[in-house]
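Q: Structure file upload_26.txt, compact mmCIF, C-alpha atoms, is pasted below:
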```txt
# COMPACT_ATOMS: atom_id res chain seq x y z
CA MET B 559 69.94 -20.23 -23.74
CA ARG B 560 71.98 -22.58 -21.60
CA PRO B 561 70.09 -25.18 -19.57
CA SER B 562 69.29 -23.88 -16.10
CA LEU B 563 70.74 -25.50 -13.01
CA ALA B 564 67.24 -26.74 -12.27
CA SER B 565 67.00 -28.50 -15.62
CA VAL B 566 70.42 -30.14 -15.23
CA ARG B 567 69.45 -31.30 -11.74
CA TYR B 568 66.13 -32.69 -12.99
CA THR B 569 67.87 -34.63 -15.78
CA SER B 570 70.31 -36.19 -13.34
CA LEU B 571 67.63 -37.09 -10.83
CA ILE B 572 65.20 -38.60 -13.28
CA ASN B 573 67.89 -40.73 -14.92
CA LYS B 574 68.96 -42.00 -11.49
CA SER B 575 65.32 -42.70 -10.59
CA PHE B 576 64.60 -44.67 -13.74
CA THR B 577 67.82 -46.68 -13.69
CA GLY B 578 67.88 -47.41 -9.97
CA SER B 579 66.79 -50.63 -8.24
CA GLY B 580 66.92 -52.68 -11.45
CA PHE B 581 63.79 -50.93 -12.75
CA GLN B 582 64.65 -51.10 -16.46
CA LYS B 583 65.52 -54.77 -16.23
CA ASN B 584 62.23 -55.70 -14.60
CA ALA B 585 59.88 -53.19 -16.23
CA ALA B 586 58.64 -55.61 -18.89
CA ASN B 587 57.41 -57.98 -16.22
CA ARG B 588 55.14 -55.29 -14.82
CA TRP B 589 53.41 -54.28 -18.02
CA MET B 590 49.72 -55.01 -17.87
CA THR B 591 46.82 -54.54 -20.24
CA SER B 592 44.52 -51.78 -19.04
CA SER B 593 40.83 -51.60 -19.69
CA SER B 594 39.56 -48.70 -21.74
CA ALA B 595 37.58 -45.96 -20.07
CA VAL B 596 35.47 -43.56 -22.11
CA SER B 597 38.59 -41.61 -23.07
CA GLY B 598 40.43 -44.67 -24.35
CA PHE B 599 43.06 -44.03 -21.65
CA ASP B 600 42.21 -45.84 -18.43
CA LYS B 601 45.35 -44.83 -16.55
CA ILE B 602 47.40 -41.75 -17.38
CA ALA B 603 50.45 -40.00 -15.95
CA VAL B 604 51.57 -36.40 -15.69
CA ILE B 605 55.32 -35.85 -15.39
CA GLY B 606 56.19 -32.54 -13.77
CA LEU B 607 53.81 -30.83 -11.31
CA GLY B 608 54.83 -27.23 -11.83
CA LEU B 609 52.69 -24.35 -13.04
CA MET B 610 51.21 -26.32 -15.95
CA GLY B 611 51.58 -29.92 -14.82
CA HIS B 612 49.64 -29.61 -11.58
CA GLY B 613 46.73 -28.06 -13.51
CA ILE B 614 46.75 -30.82 -16.14
CA CYS B 615 46.78 -33.41 -13.37
CA GLN B 616 43.89 -31.70 -11.57
CA VAL B 617 41.56 -31.30 -14.56
CA SER B 618 42.26 -34.89 -15.60
CA ALA B 619 41.27 -36.13 -12.16
CA MET B 620 38.16 -33.92 -12.07
CA SER B 621 36.99 -35.19 -15.47
CA GLY B 622 36.19 -38.68 -14.22
CA ALA B 623 37.59 -40.10 -17.47
CA HIS B 624 40.31 -42.21 -15.81
CA SER B 625 40.55 -44.86 -13.13
CA SER B 626 43.69 -43.16 -11.83
CA ILE B 627 46.27 -40.49 -12.60
CA VAL B 628 49.93 -40.93 -11.71
CA ALA B 629 51.52 -37.62 -10.69
CA TYR B 630 55.29 -38.02 -11.00
CA GLU B 631 58.15 -35.78 -9.90
CA ALA B 632 61.80 -36.76 -9.58
CA GLU B 633 62.19 -34.93 -6.25
CA GLN B 634 59.93 -35.14 -3.21
CA ARG B 635 59.98 -31.38 -2.59
CA PHE B 636 58.59 -30.66 -6.06
CA LEU B 637 56.03 -33.42 -5.66
CA ASP B 638 54.90 -31.95 -2.34
CA LYS B 639 54.63 -28.47 -3.84
CA GLY B 640 52.56 -29.73 -6.77
CA LYS B 641 50.27 -31.69 -4.46
CA GLU B 642 49.78 -28.61 -2.29
CA ARG B 643 48.81 -26.55 -5.34
CA ILE B 644 46.20 -29.11 -6.35
CA GLU B 645 44.83 -29.37 -2.81
CA ASN B 646 44.52 -25.59 -2.50
CA SER B 647 42.82 -25.30 -5.88
CA LEU B 648 40.32 -28.03 -5.03
CA LYS B 649 39.56 -26.40 -1.67
CA LYS B 650 38.72 -23.15 -3.43
CA LEU B 651 36.46 -24.93 -5.90
CA ALA B 652 34.70 -26.78 -3.08
CA ALA B 653 34.20 -23.54 -1.13
CA LYS B 654 32.57 -22.00 -4.21
CA GLY B 655 30.34 -25.03 -4.69
CA LYS B 656 31.98 -25.92 -8.02
CA ILE B 657 32.80 -29.46 -6.82
CA SER B 658 31.09 -31.54 -4.15
CA ASP B 659 33.94 -33.77 -2.99
CA ALA B 660 37.56 -32.56 -3.20
CA ASP B 661 38.80 -35.70 -1.44
CA ALA B 662 37.29 -37.95 -4.10
CA VAL B 663 39.24 -36.06 -6.77
CA LEU B 664 42.48 -36.32 -4.78
CA GLN B 665 41.97 -40.05 -4.32
CA LYS B 666 42.17 -40.43 -8.11
CA ILE B 667 45.74 -39.11 -8.07
CA HIS B 668 48.73 -41.24 -7.09
CA PHE B 669 51.55 -38.86 -6.11
CA THR B 670 54.92 -40.51 -6.47
CA THR B 671 58.65 -40.21 -7.04
CA ASP B 672 58.80 -43.91 -7.95
CA PRO B 673 59.17 -44.35 -11.73
CA SER B 674 57.88 -47.92 -11.57
CA SER B 675 54.42 -46.36 -11.28
CA LEU B 676 54.74 -45.27 -14.93
CA ALA B 677 55.21 -48.78 -16.34
CA ASN B 678 51.49 -49.48 -16.74
CA VAL B 679 50.03 -46.16 -17.92
CA ASP B 680 48.29 -45.72 -21.27
CA PHE B 681 49.17 -42.06 -21.82
CA ILE B 682 51.88 -39.75 -20.48
CA CYS B 683 51.62 -35.96 -20.54
CA GLU B 684 55.02 -34.38 -19.91
CA ALA B 685 55.18 -30.88 -18.44
CA VAL B 686 58.80 -30.45 -17.34
CA ILE B 687 61.15 -27.50 -17.87
CA GLU B 688 61.22 -26.00 -21.38
CA ASN B 689 64.60 -27.36 -22.40
CA LEU B 690 64.81 -29.52 -25.52
CA ASP B 691 67.83 -31.57 -24.45
CA LEU B 692 66.22 -32.29 -21.09
CA LYS B 693 63.00 -33.42 -22.74
CA LYS B 694 64.81 -35.59 -25.31
CA ASP B 695 66.75 -37.32 -22.54
CA LEU B 696 63.52 -37.87 -20.63
CA TYR B 697 61.77 -39.48 -23.61
CA GLN B 698 64.74 -41.74 -24.31
CA THR B 699 64.48 -42.95 -20.73
CA LEU B 700 60.70 -43.29 -20.79
CA SER B 701 61.01 -45.40 -23.95
CA LYS B 702 62.88 -48.01 -21.94
CA VAL B 703 60.43 -48.25 -19.07
CA CYS B 704 56.93 -47.64 -20.46
CA LYS B 705 54.84 -50.30 -22.13
CA PRO B 706 55.11 -50.29 -25.95
CA ASP B 707 51.60 -48.97 -26.62
CA CYS B 708 51.83 -46.05 -24.19
CA ILE B 709 51.32 -42.74 -26.01
CA PHE B 710 53.66 -39.84 -25.21
CA ALA B 711 52.55 -36.20 -25.25
CA SER B 712 54.49 -33.02 -24.52
CA ASN B 713 52.94 -29.83 -23.18
CA THR B 714 55.71 -27.68 -24.66
CA SER B 715 54.67 -24.24 -25.85
CA SER B 716 57.46 -23.67 -28.37
CA LEU B 717 59.81 -26.64 -28.80
CA SER B 718 59.81 -29.11 -31.69
CA ILE B 719 57.45 -32.04 -31.14
CA THR B 720 59.16 -33.86 -34.02
CA GLN B 721 62.61 -33.73 -32.40
CA MET B 722 61.24 -35.08 -29.14
CA ALA B 723 59.31 -37.80 -30.96
CA GLU B 724 62.42 -38.89 -32.86
CA ALA B 725 64.37 -39.08 -29.59
CA SER B 726 61.86 -41.66 -28.31
CA ASP B 727 61.37 -45.22 -29.53
CA ARG B 728 57.81 -44.45 -30.70
CA PRO B 729 57.59 -41.38 -32.96
CA ASP B 730 54.32 -42.75 -34.35
CA LYS B 731 52.83 -42.64 -30.84
CA PHE B 732 53.86 -39.07 -30.02
CA VAL B 733 51.85 -35.83 -30.03
CA GLY B 734 51.89 -32.38 -28.53
CA VAL B 735 49.12 -31.24 -26.18
CA HIS B 736 49.68 -27.55 -25.46
CA PHE B 737 47.54 -26.32 -22.57
CA PHE B 738 47.26 -22.67 -21.57
CA ASN B 739 47.79 -21.06 -18.17
CA PRO B 740 45.91 -21.30 -15.86
CA VAL B 741 44.99 -24.79 -16.98
CA GLN B 742 41.97 -25.00 -14.67
CA ILE B 743 40.38 -21.99 -16.41
CA MET B 744 41.67 -21.80 -19.97
CA LYS B 745 39.62 -23.99 -22.31
CA LEU B 746 41.88 -24.26 -25.36
CA VAL B 747 44.37 -27.08 -25.98
CA GLU B 748 46.42 -27.27 -29.17
CA VAL B 749 46.89 -30.90 -30.26
CA ILE B 750 49.97 -31.18 -32.45
CA ARG B 751 50.74 -33.91 -34.95
CA THR B 752 54.08 -34.62 -36.62
CA LYS B 753 54.83 -36.39 -39.89
CA HIS B 754 55.25 -39.56 -37.82
CA THR B 755 52.02 -39.44 -35.78
CA THR B 756 49.48 -42.05 -36.85
CA PRO B 757 45.87 -40.89 -37.36
CA GLU B 758 44.69 -43.31 -34.66
CA VAL B 759 47.09 -41.89 -32.06
CA PHE B 760 46.22 -38.31 -32.97
CA ASP B 761 42.49 -39.03 -32.73
CA LYS B 762 42.93 -40.60 -29.28
CA ALA B 763 44.82 -37.55 -27.99
CA TYR B 764 42.32 -35.16 -29.59
CA ASN B 765 39.37 -37.00 -28.05
CA TRP B 766 41.10 -37.14 -24.67
CA VAL B 767 41.30 -33.34 -24.62
CA SER B 768 37.54 -33.15 -25.21
CA GLN B 769 36.82 -35.73 -22.54
CA ILE B 770 38.68 -33.80 -19.83
CA GLY B 771 36.52 -30.77 -20.59
CA LYS B 772 38.77 -28.75 -22.88
CA VAL B 773 38.41 -27.54 -26.48
CA PRO B 774 40.95 -29.16 -28.82
CA VAL B 775 42.29 -27.64 -32.03
CA SER B 776 44.47 -29.48 -34.52
CA CYS B 777 47.84 -28.16 -35.70
CA GLY B 778 50.96 -29.38 -37.46
CA ASP B 779 54.38 -29.08 -35.85
CA THR B 780 55.03 -25.46 -36.84
CA PRO B 781 57.01 -23.15 -34.50
CA GLY B 782 54.68 -21.86 -31.79
CA PHE B 783 51.76 -23.91 -33.12
CA ILE B 784 48.71 -21.64 -33.66
CA VAL B 785 48.43 -19.22 -30.75
CA ASN B 786 52.09 -18.45 -30.10
CA ARG B 787 52.91 -18.38 -33.82
CA LEU B 788 50.43 -15.51 -34.15
CA LEU B 789 50.79 -13.93 -30.71
CA VAL B 790 54.54 -13.81 -30.03
CA PRO B 791 55.54 -12.02 -33.27
CA SER B 792 52.89 -9.39 -32.48
CA LEU B 793 54.44 -8.85 -29.03
CA MET B 794 57.85 -8.50 -30.67
CA GLN B 795 56.50 -5.88 -33.09
CA ALA B 796 55.18 -3.86 -30.14
CA MET B 797 58.66 -4.00 -28.60
CA CYS B 798 60.24 -2.98 -31.89
CA MET B 799 58.02 0.11 -31.81
CA VAL B 800 59.46 0.88 -28.38
CA ASP B 801 62.98 0.42 -29.78
CA ARG B 802 62.24 2.86 -32.61
CA LYS B 803 60.45 5.27 -30.26
CA ASP B 804 57.42 5.15 -32.56
CA ALA B 805 55.05 5.30 -29.57
CA THR B 806 55.10 5.06 -25.79
CA ILE B 807 54.46 1.89 -23.81
CA HIS B 808 51.16 3.33 -22.56
CA ASP B 809 49.96 4.38 -26.01
CA ILE B 810 50.86 1.06 -27.64
CA ASP B 811 48.91 -0.89 -25.04
CA ILE B 812 45.89 1.38 -24.84
CA SER B 813 45.68 1.40 -28.65
CA MET B 814 45.36 -2.38 -28.82
CA GLN B 815 42.85 -2.40 -25.98
CA LEU B 816 40.54 0.27 -27.34
CA GLY B 817 41.27 -0.12 -31.05
CA ALA B 818 41.44 -3.90 -31.36
CA GLY B 819 39.35 -4.95 -28.37
CA HIS B 820 42.17 -6.80 -26.63
CA PRO B 821 41.73 -7.31 -22.86
CA MET B 822 45.28 -6.06 -22.27
CA GLY B 823 47.97 -4.50 -24.43
CA PRO B 824 50.91 -6.48 -25.88
CA LEU B 825 53.54 -5.05 -23.52
CA HIS B 826 51.31 -5.60 -20.48
CA LEU B 827 50.79 -9.19 -21.67
CA ALA B 828 54.52 -9.74 -22.22
CA ASP B 829 55.20 -8.57 -18.66
CA TYR B 830 52.48 -10.85 -17.35
CA VAL B 831 53.77 -13.91 -19.22
CA GLY B 832 57.39 -13.15 -18.30
CA LEU B 833 59.98 -11.42 -20.46
CA ASP B 834 62.36 -14.33 -19.94
CA THR B 835 59.75 -16.65 -21.43
CA CYS B 836 59.32 -14.34 -24.42
CA TYR B 837 63.09 -14.17 -24.84
CA PHE B 838 63.47 -17.95 -24.63
CA ILE B 839 60.87 -18.53 -27.33
CA VAL B 840 62.17 -15.90 -29.74
CA ASP B 841 65.83 -16.76 -29.15
CA GLY B 842 65.12 -20.33 -30.24
CA TRP B 843 63.07 -19.25 -33.23
CA THR B 844 65.65 -16.77 -34.54
CA LYS B 845 68.43 -19.35 -34.21
CA ASN B 846 66.50 -22.25 -35.74
CA PHE B 847 64.67 -20.24 -38.42
CA PRO B 848 67.02 -17.38 -39.37
CA ASP B 849 65.28 -16.75 -42.69
CA GLU B 850 61.82 -16.24 -41.18
CA PRO B 851 61.20 -12.46 -41.21
CA ALA B 852 58.45 -12.68 -38.56
CA PHE B 853 60.96 -13.87 -35.96
CA VAL B 854 62.93 -10.90 -34.60
CA MET B 855 64.62 -10.12 -31.27
CA PRO B 856 63.93 -6.56 -30.05
CA GLU B 857 66.79 -4.74 -28.33
CA CYS B 858 64.58 -3.66 -25.41
CA LEU B 859 63.69 -7.28 -24.68
CA LYS B 860 67.34 -8.34 -24.63
CA SER B 861 68.36 -5.48 -22.36
CA LYS B 862 65.52 -6.07 -19.87
CA VAL B 863 66.24 -9.79 -19.61
CA GLN B 864 69.97 -9.14 -19.18
CA ALA B 865 69.14 -6.68 -16.38
CA GLY B 866 66.87 -9.21 -14.66
CA ASP B 867 63.74 -7.12 -15.28
CA LEU B 868 61.42 -9.93 -16.27
CA GLY B 869 58.03 -8.31 -15.75
CA ARG B 870 55.43 -9.26 -13.16
CA LYS B 871 57.52 -12.00 -11.55
CA THR B 872 60.37 -9.63 -10.65
CA GLY B 873 58.32 -6.47 -10.06
CA LYS B 874 59.63 -4.62 -13.09
CA GLY B 875 59.57 -5.02 -16.86
CA PHE B 876 57.84 -2.65 -19.24
CA TYR B 877 55.76 -1.72 -16.19
CA HIS B 878 56.28 -1.58 -12.45
CA TRP B 879 54.45 -4.37 -10.60
CA SER B 880 53.35 -5.01 -7.03
CA GLY B 881 52.39 -8.66 -6.95
CA GLU B 882 49.60 -9.11 -9.47
CA THR B 883 48.90 -5.37 -9.66
CA ARG B 884 50.37 -3.47 -12.60
CA GLY B 885 51.72 0.03 -11.96
CA ASP B 886 53.00 2.77 -14.26
CA PRO B 887 55.20 2.20 -17.31
CA VAL B 888 58.93 2.11 -16.69
CA VAL B 889 60.45 5.31 -18.04
```
Could I get this file's structure written as structure tokens?
A:
Amino acid sequence: MRPSLASVRYTSLINKSFTGSGFQKNAANRWMTSSSAVSGFDKIAVIGLGLMGHGICQVSAMSGAHSSIVAYEAEQRFLDKGKERIENSLKKLAAKGKISDADAVLQKIHFTTDPSSLANVDFICEAVIENLDLKKDLYQTLSKVCKPDCIFASNTSSLSITQMAEASDRPDKFVGVHFFNPVQIMKLVEVIRTKHTTPEVFDKAYNWVSQIGKVPVSCGDTPGFIVNRLLVPSLMQAMCMVDRKDATIHDIDISMQLGAGHPMGPLHLADYVGLDTCYFIVDGWTKNFPDEPAFVMPECLKSKVQAGDLGRKTGKGFYHWSGETRGDPVV
């Protein structure tokens, strides 16, 4: 897939932000030694406050494991939107009695479009658009402005951690931390190591996940890590059954619900996740691993994405949708 206009715009903006006002030249003068909190990371940053990033930022602030969290976006409008999401989520938690002081959590977060705020952090979790070239460019830039012992982590769900690590100046200090949506609710985080990651760095990232209240699992840098490596091919096989007219959409989904105990069927789940997301993952896998028989691109997925029928987000995919409510299968 070609980079989206949004990803091209983000690349341009972040490069301008990091190179403006003599920041690279003076960054070394601002590096400071941070004290260690319980997590080992006193000050962390989250880059990108979209669907995943705002949740990572929020749970990190709620954990109490850090003195502060830098929430960075290249554009003010995206920063404002991410901040609003966090504020609304905290209000809901406070109304339910899940937290006592939403303002205290917000005060832990420094919302900024100023990249100089990243110069002194101990750990960066990146959650920008799923585009490998964009992410590689970002890490090359971060390598020039972050202190040498800052650990980098990507929240990618399907891209190569190794390629991003090798684009940075610190492949030994690079891991993947794959959260699941919605971050505030889902407990699992896959912590991914590459052949370059040192045991000490991996252990710090693994422990950090525990200390912000999540359940870490360890995985090597295999396509899709654990969950998506198992889940996505199963979704594709359900779609292949649709292509072959082996069974109807309804019967495939109800079979996996009642026969395998799944909370929703594979085609319902694909619609919920987004058919464009499924396509993006599988398109990359089939191109990069053409000899892997588990990676296939169903014709029905291609045709729906080409038609703009992306599932829940567009109101039509394998099912008709009205907001969050699923309707009948598309005939």
Q: Looking at only C-alpha atoms, which of B:Gly734, B:Pro824, B:Pro706, B:Pro856 is the one that sits closest to B:Pro774?
A: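 Among B:Gly734, B:Pro824, B:Pro706, B:Pro856, it is B:Gly734 that comes nearest to B:Pro774.
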Q: For B:Pro781, find every residue with an atom within 10 Å (counting only C-alpha atoms), except residues of its own chain fewer than 4 positions away, and show them as a list in words.
A: Ser715, Ser716, Leu717, Ser718, Ile719, Asn786, Arg787, Ile839, Gly842, Trp843, Asn846 and Phe847 of chain B
Q: Which residue, B:Met797, B:Leu816, B:Glu748, B:Glu850, has the smallest gap to B:Phe876 when you use all atoms listed in the file?
A: B:Met797
Q: When distances are computed from only C-alpha atoms, which of B:Met722, B:Cys798, B:Met620, B:Val767 shows the smallest separation from B:Ala652?
A: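 Of the candidates, the smallest distance to B:Ala652 is held by B:Met620.
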Q: Excluding same-chain residues fewer than 6 positions from B:Ile605, what lies within 6 Å of it counting all atoms listed in the file, as a list in words?
A: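 Everything that qualifies: Tyr630, Glu684 and Ala685 of chain B.
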Q: Which value, in Å to one decimal, gives the distance between atom CA of B:Ala818 and atom CA of B:Tyr830?
A: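 The value is 19.1 Å.
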Q: Within 9 Å of B:Ser675, counting all atoms listed in the file, which residues show up once you throw out same-chain ones fewer than 6 positions away? Write them as a PyMOL selection string, please.
A: chain B and resi 603+628+630+668
Q: Can you tell me which residues surround B:Arg751 at a distance of at most 7 Å, considering all atoms listed in the file, apart from same-chain residues fewer than 6 positions away, and format the answer as a list in words?
A: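 Once the adjacent positions are removed, what remains is Val733, Gly734, Phe760, Cys777, Gly778 and Asp779 of chain B.
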Q: Leaving out B:Gly611 and any residue of its chain fewer than 6 positions from it, which residues lie within 9 Å of it when counting all atoms listed in the file, given as a PDB file with C-alpha atoms, in the coordinates of the input?
A:
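Written out: part-v2.pdb:
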```
ATOM      1  CA  VAL B 604      51.570 -36.400 -15.690  1.00  0.00           C
ATOM      2  CA  ILE B 605      55.320 -35.850 -15.390  1.00  0.00           C
ATOM      3  CA  ALA B 629      51.520 -37.620 -10.690  1.00  0.00           C
ATOM      4  CA  GLY B 640      52.560 -29.730  -6.770  1.00  0.00           C
ATOM      5  CA  CYS B 683      51.620 -35.960 -20.540  1.00  0.00           C
ATOM      6  CA  GLU B 684      55.020 -34.380 -19.910  1.00  0.00           C
ATOM      7  CA  ALA B 685      55.180 -30.880 -18.440  1.00  0.00           C
ATOM      8  CA  VAL B 686      58.800 -30.450 -17.340  1.00  0.00           C
ATOM      9  CA  ASN B 713      52.940 -29.830 -23.180  1.00  0.00           C
ATOM     10  CA  VAL B 741      44.990 -24.790 -16.980  1.00  0.00           C
TER      11      VAL B 741
END
```
Q: How many Å separate atom CA of B:Ile644 from atom CA of B:Ser621?
A: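 Separation of atom CA of B:Ile644 and atom CA of B:Ser621: 14.3 Å.
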Q: Rounded to one decimal place, report the atom CA of B:Gly869-atom CA of B:Ala632 distance in Å.
A: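 These atoms are spaced 29.4 Å apart.
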Q: Counting only C-alpha atoms, which of B:Gly655, B:Gly873, B:Gly832, B:Gly819 gets nearest to B:Leu859?
A: B:Gly832
Q: Compare B:Thr699, B:Gln665, B:Asn646, B:Thr755 by their minimum atom-to-atom distance to B:Gly613, counting all atoms listed in the file, and give me the closest one.
A: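 Closest residue, counting all atoms listed in the file: B:Asn646.
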